[in-house]
>>> print(open('work_38.tsv').read())   # TSV, C-alpha atoms
chain	number	residue	atom	x	y	z
A	204	MET	CA	0.00	0.00	0.00
A	205	ARG	CA	2.97	2.29	0.27
A	206	ARG	CA	3.48	4.51	-2.76
A	207	GLY	CA	5.74	7.42	-3.65
A	208	PHE	CA	5.39	9.64	-6.65
A	209	LEU	CA	7.71	10.23	-9.59
A	210	LYS	CA	7.44	12.63	-12.46
A	211	LEU	CA	5.19	11.53	-15.28
A	212	LEU	CA	7.21	9.61	-17.82
A	213	ALA	CA	6.94	10.20	-21.52
A	214	ALA	CA	3.38	10.18	-22.81
A	215	SER	CA	3.84	6.81	-24.45
A	216	MET	CA	7.06	5.02	-23.65
A	217	SER	CA	8.36	2.11	-25.62
A	218	LEU	CA	9.31	-0.41	-23.00
A	219	SER	CA	11.97	-1.88	-25.24
A	220	LEU	CA	14.07	1.22	-24.54
A	221	VAL	CA	14.04	0.79	-20.76
A	222	ALA	CA	14.09	-2.97	-20.35
A	223	VAL	CA	16.96	-4.43	-18.39
A	224	GLY	CA	18.92	-7.57	-19.06
A	225	CYS	CA	17.06	-10.25	-17.08
A	226	GLY	CA	17.34	-13.96	-17.58
A	227	SER	CA	14.36	-15.28	-19.48
A	228	THR	CA	11.97	-17.23	-17.28
A	229	ALA	CA	8.79	-16.92	-19.34
A	230	SER	CA	7.07	-19.73	-21.15
A	231	THR	CA	8.20	-20.32	-24.71
A	232	THR	CA	4.72	-21.31	-25.89
A	233	THR	CA	3.87	-19.39	-29.05
A	234	VAL	CA	1.40	-16.70	-28.09
A	235	GLU	CA	-0.05	-16.58	-31.60
A	236	ASP	CA	-0.94	-20.28	-31.40
A	237	GLU	CA	-2.53	-19.76	-27.96
A	238	ALA	CA	-4.66	-16.94	-29.37
A	239	VAL	CA	-6.01	-19.09	-32.16
A	240	ALA	CA	-6.69	-22.01	-29.85
A	241	SER	CA	-8.38	-20.00	-27.11
A	242	THR	CA	-10.45	-17.51	-29.05
A	243	GLY	CA	-10.84	-19.08	-32.44
A	244	THR	CA	-9.59	-15.86	-34.03
A	245	GLU	CA	-6.22	-14.27	-34.53
A	246	ALA	CA	-5.87	-11.30	-32.22
A	247	SER	CA	-3.69	-8.52	-33.56
A	248	GLY	CA	-2.81	-4.85	-33.29
A	249	ASP	CA	-1.35	-2.54	-30.67
A	250	VAL	CA	-2.05	-2.75	-26.94
A	251	THR	CA	-1.27	0.06	-24.50
A	252	ILE	CA	-1.06	-0.47	-20.73
A	253	TRP	CA	-1.35	2.19	-18.04
A	254	TYR	CA	0.30	1.53	-14.68
A	255	TYR	CA	1.28	3.63	-11.64
A	256	TRP	CA	4.23	1.74	-10.13
A	257	GLU	CA	7.00	4.10	-9.19
A	258	THR	CA	9.32	1.31	-8.06
A	259	GLU	CA	12.02	0.73	-10.64
A	260	GLY	CA	12.05	-3.03	-10.06
A	261	HIS	CA	8.31	-3.23	-10.75
A	262	GLN	CA	8.73	-1.30	-13.99
A	263	GLU	CA	11.65	-3.46	-15.08
A	264	ALA	CA	9.71	-6.65	-14.43
A	265	LEU	CA	6.78	-5.44	-16.54
A	266	ASN	CA	9.17	-4.28	-19.27
A	267	HIS	CA	10.76	-7.69	-19.33
A	268	ILE	CA	7.61	-9.73	-19.90
A	269	ILE	CA	6.30	-7.24	-22.47
A	270	GLU	CA	9.51	-7.54	-24.46
A	271	GLU	CA	9.28	-11.33	-24.31
A	272	PHE	CA	5.65	-11.29	-25.42
A	273	ASN	CA	6.38	-8.92	-28.30
A	274	GLY	CA	9.36	-11.02	-29.35
A	275	GLN	CA	7.46	-14.31	-29.50
A	276	GLN	CA	4.87	-13.31	-32.10
A	277	ASP	CA	4.36	-10.70	-34.82
A	278	ASP	CA	0.65	-9.90	-34.53
A	279	ILE	CA	0.39	-8.00	-31.23
A	280	THR	CA	2.60	-5.17	-29.99
A	281	VAL	CA	2.32	-4.16	-26.35
A	282	GLU	CA	3.69	-0.96	-24.82
A	283	ALA	CA	3.08	0.82	-21.53
A	284	LYS	CA	2.70	4.27	-20.06
A	285	TYR	CA	3.48	5.29	-16.49
A	286	VAL	CA	0.87	7.51	-14.82
A	287	PRO	CA	1.63	8.66	-11.26
A	288	PHE	CA	-0.67	7.18	-8.63
A	289	ALA	CA	-1.79	10.67	-7.58
A	290	ASP	CA	-3.07	11.31	-11.12
A	291	PHE	CA	-4.24	7.82	-12.02
A	292	LYS	CA	-7.92	8.09	-11.09
A	293	LYS	CA	-8.20	11.53	-12.66
A	294	GLN	CA	-6.59	10.34	-15.90
A	295	LEU	CA	-8.99	7.39	-16.07
A	296	SER	CA	-12.01	9.61	-15.50
A	297	VAL	CA	-10.87	12.26	-17.98
A	298	GLY	CA	-9.87	9.63	-20.50
A	299	ALA	CA	-13.27	7.96	-20.23
A	300	SER	CA	-15.03	11.26	-20.97
A	301	ALA	CA	-12.70	12.12	-23.85
A	302	GLY	CA	-12.59	8.63	-25.32
A	303	GLU	CA	-8.84	8.50	-24.82
A	304	LEU	CA	-8.10	5.40	-22.80
A	305	PRO	CA	-5.47	2.65	-23.03
A	306	ASP	CA	-6.35	-0.98	-23.72
A	307	ILE	CA	-5.33	-2.32	-20.29
A	308	VAL	CA	-4.97	-0.69	-16.89
A	309	ILE	CA	-3.33	-2.02	-13.75
A	310	LEU	CA	-5.11	-0.58	-10.73
A	311	ASP	CA	-5.49	-0.95	-6.96
A	312	ASN	CA	-8.14	-3.58	-6.29
A	313	PRO	CA	-10.42	-1.45	-4.02
A	314	ASP	CA	-10.85	1.00	-6.92
A	315	HIS	CA	-11.88	-1.64	-9.44
A	316	ALA	CA	-15.63	-1.61	-8.83
A	317	SER	CA	-15.99	2.17	-9.17
A	318	TYR	CA	-14.58	2.09	-12.70
A	319	ALA	CA	-16.44	-1.06	-13.65
A	320	ALA	CA	-19.64	0.76	-12.67
A	321	MET	CA	-18.73	3.57	-15.07
A	322	GLY	CA	-18.89	1.05	-17.90
A	323	ILE	CA	-15.28	1.53	-19.04
A	324	PHE	CA	-14.13	-2.06	-18.37
A	325	ALA	CA	-14.86	-4.96	-20.70
A	326	ASP	CA	-16.91	-7.86	-19.38
A	327	LEU	CA	-14.51	-10.82	-19.27
A	328	THR	CA	-17.06	-13.34	-18.03
A	329	GLY	CA	-16.43	-16.56	-19.96
A	330	ARG	CA	-13.50	-14.96	-21.79
A	331	PHE	CA	-10.87	-15.47	-19.10
A	332	ASP	CA	-10.65	-18.49	-16.81
A	333	VAL	CA	-10.31	-17.56	-13.12
A	334	SER	CA	-11.61	-20.88	-11.77
A	335	THR	CA	-8.32	-21.62	-9.96
A	336	TYR	CA	-7.98	-18.10	-8.50
A	337	TYR	CA	-8.57	-17.22	-4.86
A	338	ASP	CA	-12.07	-15.95	-4.13
A	339	GLY	CA	-10.95	-12.65	-2.60
A	340	PRO	CA	-9.03	-11.37	-5.64
A	341	VAL	CA	-11.76	-12.54	-8.02
A	342	ASN	CA	-14.41	-10.80	-5.92
A	343	SER	CA	-12.48	-7.54	-6.21
A	344	CYS	CA	-12.89	-7.76	-10.02
A	345	THR	CA	-16.55	-8.77	-9.92
A	346	LEU	CA	-19.59	-6.51	-10.06
A	347	ASP	CA	-23.20	-7.67	-10.32
A	348	GLY	CA	-22.02	-11.20	-10.97
A	349	LYS	CA	-19.84	-10.27	-13.94
A	350	LEU	CA	-16.06	-10.43	-14.21
A	351	TYR	CA	-14.54	-7.07	-15.16
A	352	GLY	CA	-10.88	-7.82	-14.67
A	353	VAL	CA	-8.14	-10.29	-13.84
A	354	PRO	CA	-6.34	-10.26	-10.49
A	355	PHE	CA	-2.71	-9.37	-11.10
A	356	GLY	CA	-0.88	-10.04	-7.86
A	357	SER	CA	-2.03	-10.09	-4.28
A	358	ASN	CA	-0.84	-9.52	-0.76
A	359	ASP	CA	-2.39	-9.89	2.65
A	360	LEU	CA	-1.84	-9.14	6.31
A	361	VAL	CA	-0.54	-11.29	9.15
A	362	LEU	CA	0.90	-10.88	12.65
A	363	PHE	CA	4.63	-10.16	12.87
A	364	TYR	CA	6.24	-10.85	16.25
A	365	ASN	CA	9.64	-10.44	17.88
A	366	GLU	CA	10.58	-13.92	19.05
A	367	ASP	CA	13.06	-12.69	21.66
A	368	MET	CA	10.56	-10.28	23.24
A	369	LEU	CA	7.85	-12.94	23.49
A	370	GLU	CA	10.31	-15.43	24.95
A	371	ALA	CA	11.56	-12.90	27.52
A	372	ALA	CA	7.97	-12.29	28.61
A	373	GLY	CA	7.28	-16.03	28.80
A	374	CYS	CA	4.59	-15.80	26.12
A	375	GLU	CA	3.45	-18.03	23.29
A	376	VAL	CA	2.35	-16.63	19.93
A	377	PRO	CA	-1.26	-15.42	20.38
A	378	THR	CA	-4.02	-17.01	18.35
A	379	THR	CA	-7.11	-15.31	19.82
A	380	TRP	CA	-8.03	-11.74	20.71
A	381	ASP	CA	-7.81	-12.45	24.42
A	382	GLU	CA	-4.37	-13.98	23.98
A	383	LEU	CA	-3.22	-11.02	21.87
A	384	LEU	CA	-4.26	-8.57	24.56
A	385	GLU	CA	-2.47	-10.56	27.26
A	386	VAL	CA	0.73	-10.97	25.23
A	387	ALA	CA	0.65	-7.31	24.21
A	388	LYS	CA	0.43	-6.26	27.87
A	389	ALA	CA	3.13	-8.72	28.92
A	390	THR	CA	5.59	-7.46	26.30
A	391	THR	CA	4.96	-3.76	26.96
A	392	THR	CA	7.76	-1.99	28.83
A	393	ASP	CA	8.87	1.59	29.36
A	394	SER	CA	10.42	1.61	25.88
A	395	VAL	CA	8.40	-1.01	24.00
A	396	TYR	CA	4.74	-1.21	23.02
A	397	GLY	CA	3.33	-4.70	22.83
A	398	PHE	CA	1.34	-4.30	19.63
A	399	ALA	CA	0.33	-1.87	16.89
A	400	HIS	CA	-0.93	-1.59	13.36
A	401	CYS	CA	-1.29	1.29	10.93
A	402	ALA	CA	-4.33	3.26	12.07
A	403	LEU	CA	-4.31	6.20	9.67
A	404	GLN	CA	-7.62	7.86	8.87
A	405	ASN	CA	-7.56	6.70	5.27
A	406	GLU	CA	-7.74	3.55	3.15
A	407	GLU	CA	-4.47	2.26	4.59
A	408	GLY	CA	-5.93	2.42	8.09
A	409	THR	CA	-9.18	0.81	7.02
A	410	PHE	CA	-7.18	-2.01	5.43
A	411	ASN	CA	-5.58	-2.78	8.79
A	412	PHE	CA	-8.73	-2.39	10.90
A	413	LEU	CA	-11.23	-4.46	8.93
A	414	PRO	CA	-9.72	-7.90	9.72
A	415	TRP	CA	-11.02	-7.41	13.28
A	416	VAL	CA	-14.53	-6.81	11.92
A	417	TRP	CA	-14.39	-9.73	9.52
A	418	SER	CA	-13.09	-12.04	12.24
A	419	THR	CA	-16.36	-11.54	14.14
A	420	GLY	CA	-18.32	-12.67	11.09
A	421	ALA	CA	-19.56	-9.16	10.26
A	422	THR	CA	-19.08	-7.59	6.84
A	423	SER	CA	-17.54	-4.26	5.90
A	424	TYR	CA	-21.06	-2.80	5.73
A	425	GLU	CA	-22.11	-3.94	9.22
A	426	ILE	CA	-20.09	-1.68	11.49
A	427	ASP	CA	-23.04	-0.95	13.82
A	428	SER	CA	-23.53	-4.65	14.50
A	429	GLU	CA	-22.55	-6.85	17.41
A	430	GLY	CA	-19.39	-7.80	15.54
A	431	GLY	CA	-18.50	-4.31	14.36
A	432	ILE	CA	-18.92	-2.83	17.83
A	433	LYS	CA	-16.95	-5.72	19.33
A	434	ALA	CA	-14.05	-4.98	16.96
A	435	MET	CA	-13.97	-1.34	18.05
A	436	GLU	CA	-14.21	-2.33	21.72
A	437	PHE	CA	-11.23	-4.62	21.23
A	438	GLU	CA	-9.20	-1.78	19.72
A	439	LYS	CA	-10.21	0.40	22.69
A	440	SER	CA	-9.09	-2.27	25.15
A	441	LEU	CA	-5.68	-2.46	23.48
A	442	VAL	CA	-5.16	1.29	23.78
A	443	GLU	CA	-6.47	1.48	27.36
A	444	SER	CA	-4.14	-1.35	28.39
A	445	GLY	CA	-1.18	0.80	27.41
A	446	ALA	CA	0.00	-1.83	24.95
A	447	PHE	CA	-1.16	-0.05	21.78
A	448	PRO	CA	0.23	3.45	21.05
A	449	LYS	CA	-2.24	6.18	20.16
A	450	GLU	CA	0.52	7.50	17.88
A	451	ALA	CA	-0.38	4.70	15.47
A	452	ILE	CA	-3.08	6.98	14.07
A	453	ASN	CA	-0.16	8.75	12.36
A	454	TRP	CA	1.76	5.64	11.28
A	455	THR	CA	1.76	4.25	7.76
A	456	GLN	CA	2.44	0.55	7.35
A	457	GLY	CA	6.04	1.50	6.58
A	458	ASP	CA	6.25	3.55	9.79
A	459	THR	CA	4.87	0.62	11.75
A	460	MET	CA	7.51	-1.67	10.27
A	461	ASN	CA	10.22	0.82	11.18
A	462	GLN	CA	9.01	0.87	14.78
A	463	PHE	CA	9.10	-2.93	14.82
A	464	ILE	CA	12.60	-3.31	13.38
A	465	SER	CA	13.86	-0.55	15.69
A	466	GLY	CA	12.79	-2.63	18.68
A	467	ASN	CA	9.94	-0.34	19.74
A	468	LEU	CA	7.20	-2.88	19.04
A	469	ALA	CA	6.90	-6.52	20.08
A	470	MET	CA	4.14	-7.32	17.56
A	471	MET	CA	2.50	-5.67	14.57
A	472	ILE	CA	0.07	-6.30	11.72
A	473	ASN	CA	1.73	-5.83	8.33
A	474	GLY	CA	2.03	-7.20	4.82
A	475	THR	CA	4.03	-9.37	2.48
A	476	TRP	CA	5.85	-6.47	0.86
A	477	GLN	CA	7.77	-5.68	4.07
A	478	ILE	CA	9.70	-8.97	4.10
A	479	PRO	CA	12.51	-8.04	1.66
A	480	THR	CA	13.22	-4.80	3.53
A	481	MET	CA	13.23	-6.48	6.92
A	482	ARG	CA	15.51	-9.26	5.78
A	483	GLU	CA	17.93	-6.74	4.34
A	484	GLU	CA	17.90	-4.16	7.13
A	485	VAL	CA	17.77	-6.41	10.23
A	486	PRO	CA	19.21	-9.77	9.13
A	487	ASP	CA	20.05	-10.75	12.71
A	488	MET	CA	16.68	-9.89	14.24
A	489	ASN	CA	14.67	-12.88	15.47
A	490	TRP	CA	11.18	-12.37	14.12
A	491	ASN	CA	8.48	-14.52	12.63
A	492	VAL	CA	4.89	-14.34	11.41
A	493	ALA	CA	1.57	-16.00	12.22
A	494	PRO	CA	-2.11	-15.59	11.28
A	495	ILE	CA	-3.84	-12.55	12.76
A	496	PRO	CA	-5.36	-13.59	16.13
A	497	GLN	CA	-9.03	-14.29	15.65
A	498	ASP	CA	-12.39	-13.88	17.31
A	499	ALA	CA	-14.97	-16.17	15.71
A	500	GLU	CA	-13.09	-16.92	12.51
A	501	GLN	CA	-9.77	-16.37	10.78
A	502	ALA	CA	-9.57	-13.26	8.61
A	503	SER	CA	-7.07	-11.10	6.76
A	504	GLY	CA	-7.17	-8.12	4.43
A	505	LEU	CA	-6.57	-8.48	0.72
A	506	GLY	CA	-4.27	-6.03	-1.03
A	507	GLY	CA	-2.80	-5.95	-4.50
A	508	GLU	CA	-3.68	-4.92	-8.01
A	509	ASN	CA	-5.82	-6.10	-10.89
A	510	TYR	CA	-5.67	-5.95	-14.65
A	511	ALA	CA	-8.69	-4.52	-16.44
A	512	VAL	CA	-9.38	-4.47	-20.17
A	513	ILE	CA	-10.93	-1.28	-21.51
A	514	ALA	CA	-14.26	-1.82	-23.25
A	515	GLY	CA	-14.11	-0.91	-26.92
A	516	GLY	CA	-10.33	-1.03	-27.05
A	517	ASN	CA	-8.31	-3.84	-28.54
A	518	GLU	CA	-10.03	-6.35	-26.29
A	519	GLU	CA	-9.00	-9.64	-27.90
A	520	ALA	CA	-5.33	-8.73	-28.17
A	521	SER	CA	-5.40	-7.45	-24.58
A	522	ILE	CA	-6.86	-10.72	-23.34
A	523	GLU	CA	-4.16	-12.68	-25.15
A	524	PHE	CA	-1.46	-10.63	-23.44
A	525	LEU	CA	-3.11	-11.19	-20.05
A	526	LYS	CA	-3.21	-14.93	-20.66
A	527	TYR	CA	0.53	-14.78	-21.27
A	528	ALA	CA	1.28	-12.49	-18.32
A	529	THR	CA	-0.65	-14.67	-15.86
A	530	SER	CA	0.65	-18.02	-17.08
A	531	GLY	CA	3.05	-20.33	-15.26
A	532	GLU	CA	6.65	-19.18	-15.24
A	533	THR	CA	5.83	-15.70	-16.54
A	534	CYS	CA	3.53	-15.07	-13.59
A	535	LEU	CA	6.10	-16.51	-11.16
A	536	TYR	CA	8.76	-14.19	-12.55
A	537	MET	CA	6.55	-11.13	-11.99
A	538	MET	CA	5.44	-12.18	-8.53
A	539	ASN	CA	8.92	-12.98	-7.28
A	540	ALA	CA	10.38	-9.81	-8.78
A	541	MET	CA	7.73	-7.67	-7.09
A	542	GLY	CA	7.18	-9.52	-3.81
A	543	TYR	CA	3.55	-10.39	-4.61
A	544	ILE	CA	1.54	-13.57	-4.19
A	545	SER	CA	-0.06	-14.94	-7.34
A	546	ALA	CA	-3.84	-14.63	-7.30
A	547	ASP	CA	-3.92	-18.04	-9.01
A	548	SER	CA	-3.90	-20.57	-6.17
A	549	THR	CA	-2.28	-23.28	-8.31
A	550	ILE	CA	0.73	-21.00	-8.83
A	551	ALA	CA	0.80	-19.51	-5.33
A	552	GLU	CA	0.86	-22.91	-3.64
A	553	ASN	CA	4.36	-23.56	-4.96
A	554	GLN	CA	5.58	-19.99	-5.29
A	555	PHE	CA	7.56	-19.80	-2.05
A	556	GLU	CA	8.37	-23.46	-1.53
A	557	GLY	CA	10.72	-23.82	1.43
A	558	ASP	CA	10.19	-20.27	2.70
A	559	GLU	CA	8.14	-20.66	5.88
A	560	VAL	CA	7.57	-16.92	6.35
A	561	TYR	CA	6.11	-16.32	2.90
A	562	GLN	CA	4.13	-19.54	3.16
A	563	VAL	CA	2.13	-18.12	6.08
A	564	PHE	CA	0.99	-15.31	3.78
A	565	VAL	CA	0.12	-17.78	1.03
A	566	ASP	CA	-1.91	-19.91	3.43
A	567	GLU	CA	-3.70	-16.80	4.66
A	568	MET	CA	-4.91	-15.92	1.15
A	569	GLN	CA	-7.89	-18.23	1.56
A	570	TYR	CA	-9.07	-16.02	4.45
A	571	ALA	CA	-8.29	-12.66	2.82
A	572	HIS	CA	-11.29	-10.40	2.21
A	573	ALA	CA	-11.53	-7.83	-0.57
A	574	ARG	CA	-12.55	-4.31	0.42
A	575	GLY	CA	-15.81	-3.67	-1.37
A	576	PRO	CA	-16.29	-4.40	-4.18
A	577	LEU	CA	-18.54	-1.38	-4.46
A	578	PRO	CA	-18.31	1.75	-6.62
A	579	GLU	CA	-18.74	3.95	-3.54
A	580	TRP	CA	-16.14	2.08	-1.48
A	581	PRO	CA	-13.85	5.13	-0.91
A	582	ASP	CA	-16.66	6.95	0.94
A	583	ILE	CA	-17.45	3.88	3.02
A	584	SER	CA	-13.77	3.44	3.84
A	585	ASP	CA	-13.57	7.06	5.01
A	586	ALA	CA	-16.50	6.51	7.39
A	587	ILE	CA	-14.91	3.36	8.83
A	588	SER	CA	-11.46	4.87	9.36
A	589	LEU	CA	-12.97	7.98	10.97
A	590	ALA	CA	-14.94	5.81	13.38
A	591	PHE	CA	-12.09	3.69	14.67
A	592	ASN	CA	-9.80	6.74	14.85
A	593	LYS	CA	-12.29	8.41	17.18
A	594	VAL	CA	-12.29	5.30	19.34
A	595	LEU	CA	-8.49	5.05	19.45
A	596	ILE	CA	-8.01	8.65	20.62
A	597	GLY	CA	-10.93	8.49	23.05
A	598	GLU	CA	-13.11	10.96	21.21
A	599	ALA	CA	-16.04	8.53	20.91
A	600	GLU	CA	-17.27	5.33	22.49
A	601	PRO	CA	-17.35	2.26	20.20
A	602	VAL	CA	-21.15	2.09	20.11
A	603	ASP	CA	-21.45	5.76	19.13
A	604	ALA	CA	-18.64	5.65	16.56
A	605	ALA	CA	-20.15	2.51	15.03
A	606	ALA	CA	-23.59	4.11	14.78
A	607	GLU	CA	-22.15	7.21	13.10
A	608	ALA	CA	-20.23	5.12	10.57
A	609	GLN	CA	-23.27	2.97	9.89
A	610	ALA	CA	-25.44	6.00	9.15
A	611	THR	CA	-22.98	7.04	6.46
A	612	ILE	CA	-22.73	3.52	5.07
A	613	ASP	CA	-26.50	3.11	4.93
A	614	SER	CA	-26.91	6.44	3.16
A	615	ILE	CA	-24.47	5.23	0.52
A	616	ILE	CA	-25.76	1.72	-0.08
A	617	GLY	CA	-29.41	2.70	0.28
A	618	ASN	CA	-30.44	0.87	3.44
>>> encode(input="work_38.tsv", output="structure tokens")
Amino acid sequence: MRRGFLKLLAASMSLSLVAVGCGSTASTTTVEDEAVASTGTEASGDVTIWYYWETEGHQEALNHIIEEFNGQQDDITVEAKYVPFADFKKQLSVGASAGELPDIVILDNPDHASYAAMGIFADLTGRFDVSTYYDGPVNSCTLDGKLYGVPFGSNDLVLFYNEDMLEAAGCEVPTTWDELLEVAKATTTDSVYGFAHCALQNEEGTFNFLPWVWSTGATSYEIDSEGGIKAMEFEKSLVESGAFPKEAINWTQGDTMNQFISGNLAMMINGTWQIPTMREEVPDMNWNVAPIPQDAEQASGLGGENYAVIAGGNEEASIEFLKYATSGETCLYMMNAMGYISADSTIAENQFEGDEVYQVFVDEMQYAHARGPLPEWPDISDAISLAFNKVLIGEAEPVDAAAEAQATIDSIIGN
């Protein structure tokens, strides 16, 4: 979820000019033959992709598979354009009005439904097989029972814990809310908080809070329910115990990780993408991961991006590229280069073979919930993050904050 911003690259960059020398790991199956076999027609023409990744490694990985795809057949030519994340939604909206859109976009999965509702994404139902994909990622691409995209790569949230701190406190890894509270209190000292997660009043904060709601069995739209109120009461109990810092309302997920690796936190909720940094920056730190402690059921938050094909663009050629990009070794190359989990369960199951830390995240994918999917999700997310922020700083009681959030939610979804 962390993103920086770079200057807008050239209006239409040829990725062959910026590709780096990577060893080829993609399938050598002829893409042209696959197109004929899968669609019954020969797809052809130019395909343009919009993406917002500012990370050079992400760009290089995309460049690499595009060059391989273009080099394996003569009928389809793919190129990409970088659009800064801050401008991405605006460019999509303006482009939709002006009829100037690419053929494929890569976008944050909570935003998918809002654009699908605008009618700018092609219906891929029956045109792309997602039968082996995890439910959460597929749900993020689905609106009114129709598939409007293909999950690109996913991530989720788990509990990170400092093994030495838990051992010093005589604690086992918590598996329930009650156990988490007790371990958090036991590991809290004058210089260490027992537990924290990003609690910003924005989508990043909502992403970290909702697993508590889902663990009760409630949905994202049932904040003023027994489960939703219980989740807020649990957050309140963590803060009142002194084990959860109120300062977390100002912490991004990156900030939270920095507190953890600096020895200021015994436990935290965070995501897959932090692992490479932690392994590089604190190679001697004894830490591990486990599922998020649960109430009634196991739950995690789903992050990541999706592909979407623009309706009325070069749809068939776009679909053929997506079949290539999401296949076998090509998908593995992208996922490993970017620190993502494949949304295709058959690929993800073997993606991190032998790596016990990553495997916890893979196993948790079956419990990861998508935010939304709903066109008005950003407004609902704002109401949820405002509510739990008020609880964390003591401005509102859980029952009152939940009722206020629910009123906003109901006004949006029409209850």
>>> residues_around(input="work_38.tsv", residues="A:Leu362", least_positions_apart="2", cutoff="9 Å", atoms="all atoms listed in the file", output="ChimeraX atom specification")
/A:360,364,470-474,491-496
>>> closest_atom_pairs(input="work_38.tsv", of="stretch 458-567 of chain A", to="stretch 302-314 of chain A", cutoff="8 Å", atoms="all atoms listed in the file", output="JSON lines")
{"residue": "A:Gly506", "atom": "CA", "partner": "A:Asn312", "partner_atom": "CA", "distance": 7.0}
{"residue": "A:Gly507", "atom": "CA", "partner": "A:Asn312", "partner_atom": "CA", "distance": 6.1}
{"residue": "A:Glu508", "atom": "CA", "partner": "A:Asp311", "partner_atom": "CA", "distance": 4.5}
{"residue": "A:Asn509", "atom": "CA", "partner": "A:Leu310", "partner_atom": "CA", "distance": 5.6}
{"residue": "A:Tyr510", "atom": "CA", "partner": "A:Ile309", "partner_atom": "CA", "distance": 4.7}
{"residue": "A:Ala511", "atom": "CA", "partner": "A:Val308", "partner_atom": "CA", "distance": 5.4}
{"residue": "A:Val512", "atom": "CA", "partner": "A:Ile307", "partner_atom": "CA", "distance": 4.6}
{"residue": "A:Ile513", "atom": "CA", "partner": "A:Asp306", "partner_atom": "CA", "distance": 5.1}
{"residue": "A:Ala514", "atom": "CA", "partner": "A:Asp306", "partner_atom": "CA", "distance": 8.0}
{"residue": "A:Gly516", "atom": "CA", "partner": "A:Asp306", "partner_atom": "CA", "distance": 5.2}
{"residue": "A:Asn517", "atom": "CA", "partner": "A:Asp306", "partner_atom": "CA", "distance": 5.9}
{"residue": "A:Glu518", "atom": "CA", "partner": "A:Asp306", "partner_atom": "CA", "distance": 7.0}
{"residue": "A:Ser521", "atom": "CA", "partner": "A:Asp306", "partner_atom": "CA", "distance": 6.6}
>>> write_last_selection(input="work_38.tsv", atoms="C-alpha atoms", output="PDB file, in the coordinates of the input")
ATOM      1  CA  GLY A 506      -4.270  -6.030  -1.030  1.00  0.00           C
ATOM      2  CA  GLY A 507      -2.800  -5.950  -4.500  1.00  0.00           C
ATOM      3  CA  GLU A 508      -3.680  -4.920  -8.010  1.00  0.00           C
ATOM      4  CA  ASN A 509      -5.820  -6.100 -10.890  1.00  0.00           C
ATOM      5  CA  TYR A 510      -5.670  -5.950 -14.650  1.00  0.00           C
ATOM      6  CA  ALA A 511      -8.690  -4.520 -16.440  1.00  0.00           C
ATOM      7  CA  VAL A 512      -9.380  -4.470 -20.170  1.00  0.00           C
ATOM      8  CA  ILE A 513     -10.930  -1.280 -21.510  1.00  0.00           C
ATOM      9  CA  ALA A 514     -14.260  -1.820 -23.250  1.00  0.00           C
ATOM     10  CA  GLY A 516     -10.330  -1.030 -27.050  1.00  0.00           C
ATOM     11  CA  ASN A 517      -8.310  -3.840 -28.540  1.00  0.00           C
ATOM     12  CA  GLU A 518     -10.030  -6.350 -26.290  1.00  0.00           C
ATOM     13  CA  SER A 521      -5.400  -7.450 -24.580  1.00  0.00           C
TER      14      SER A 521
END
>>> closest_residue(input="work_38.tsv", among="A:Phe363, A:Tyr536, A:Phe324, A:Phe355", to="A:Gly515", atoms="only C-alpha atoms")
A:Phe324
>>> residues_near_point(input="work_38.tsv", point="(8.2, -5.3, -8.0)", cutoff="8 Å", atoms="only C-alpha atoms", output="ChimeraX atom specification")
/A:258-262,264,537-543
>>> write_last_selection(input="work_38.tsv", atoms="C-alpha atoms", output="short mmCIF file (atom, residue, chain, number, x, y, z; two decimals), in the coordinates of the input")
data_model
loop_
_atom_site.label_atom_id
_atom_site.label_comp_id
_atom_site.auth_asym_id
_atom_site.auth_seq_id
_atom_site.Cartn_x
_atom_site.Cartn_y
_atom_site.Cartn_z
CA THR A 258 9.32 1.31 -8.06
CA GLU A 259 12.02 0.73 -10.64
CA GLY A 260 12.05 -3.03 -10.06
CA HIS A 261 8.31 -3.23 -10.75
CA GLN A 262 8.73 -1.30 -13.99
CA ALA A 264 9.71 -6.65 -14.43
CA MET A 537 6.55 -11.13 -11.99
CA MET A 538 5.44 -12.18 -8.53
CA ASN A 539 8.92 -12.98 -7.28
CA ALA A 540 10.38 -9.81 -8.78
CA MET A 541 7.73 -7.67 -7.09
CA GLY A 542 7.18 -9.52 -3.81
CA TYR A 543 3.55 -10.39 -4.61
#
>>> residues_around(input="work_38.tsv", residues="A:Pro377", least_positions_apart="5", cutoff="7 Å", atoms="all atoms listed in the file", output="PyMOL selection string")
chain A and resi 382-383+386+496
>>> atom_distance(input="work_38.tsv", atom1="atom CA of A:Phe410", atom2="atom CA of A:Glu600")
21.1 Å
>>> residues_near_point(input="work_38.tsv", point="(-18.6, -8.5, -12.8)", cutoff="10 Å", atoms="only C-alpha atoms", output="PyMOL selection string")
chain A and resi 316+319-320+324-328+341-352+576
>>> closest_atom_pairs(input="work_38.tsv", of="stretch 481-588 of chain A", to="stretch 275-285 of chain A", cutoff="12 Å", atoms="all atoms listed in the file", output="CSV")
residue,atom,partner,partner_atom,distance
A:Asn517,CA,A:Ile279,CA,10.0
A:Glu518,CA,A:Ile279,CA,11.6
A:Glu519,CA,A:Ile279,CA,10.1
A:Ala520,CA,A:Ile279,CA,6.5
A:Ser521,CA,A:Val281,CA,8.6
A:Ile522,CA,A:Ile279,CA,11.1
A:Glu523,CA,A:Ile279,CA,8.9
A:Phe524,CA,A:Val281,CA,8.0
A:Leu525,CA,A:Val281,CA,10.9
A:Tyr527,CA,A:Gln275,CA,10.8
A:Ala528,CA,A:Val281,CA,11.6
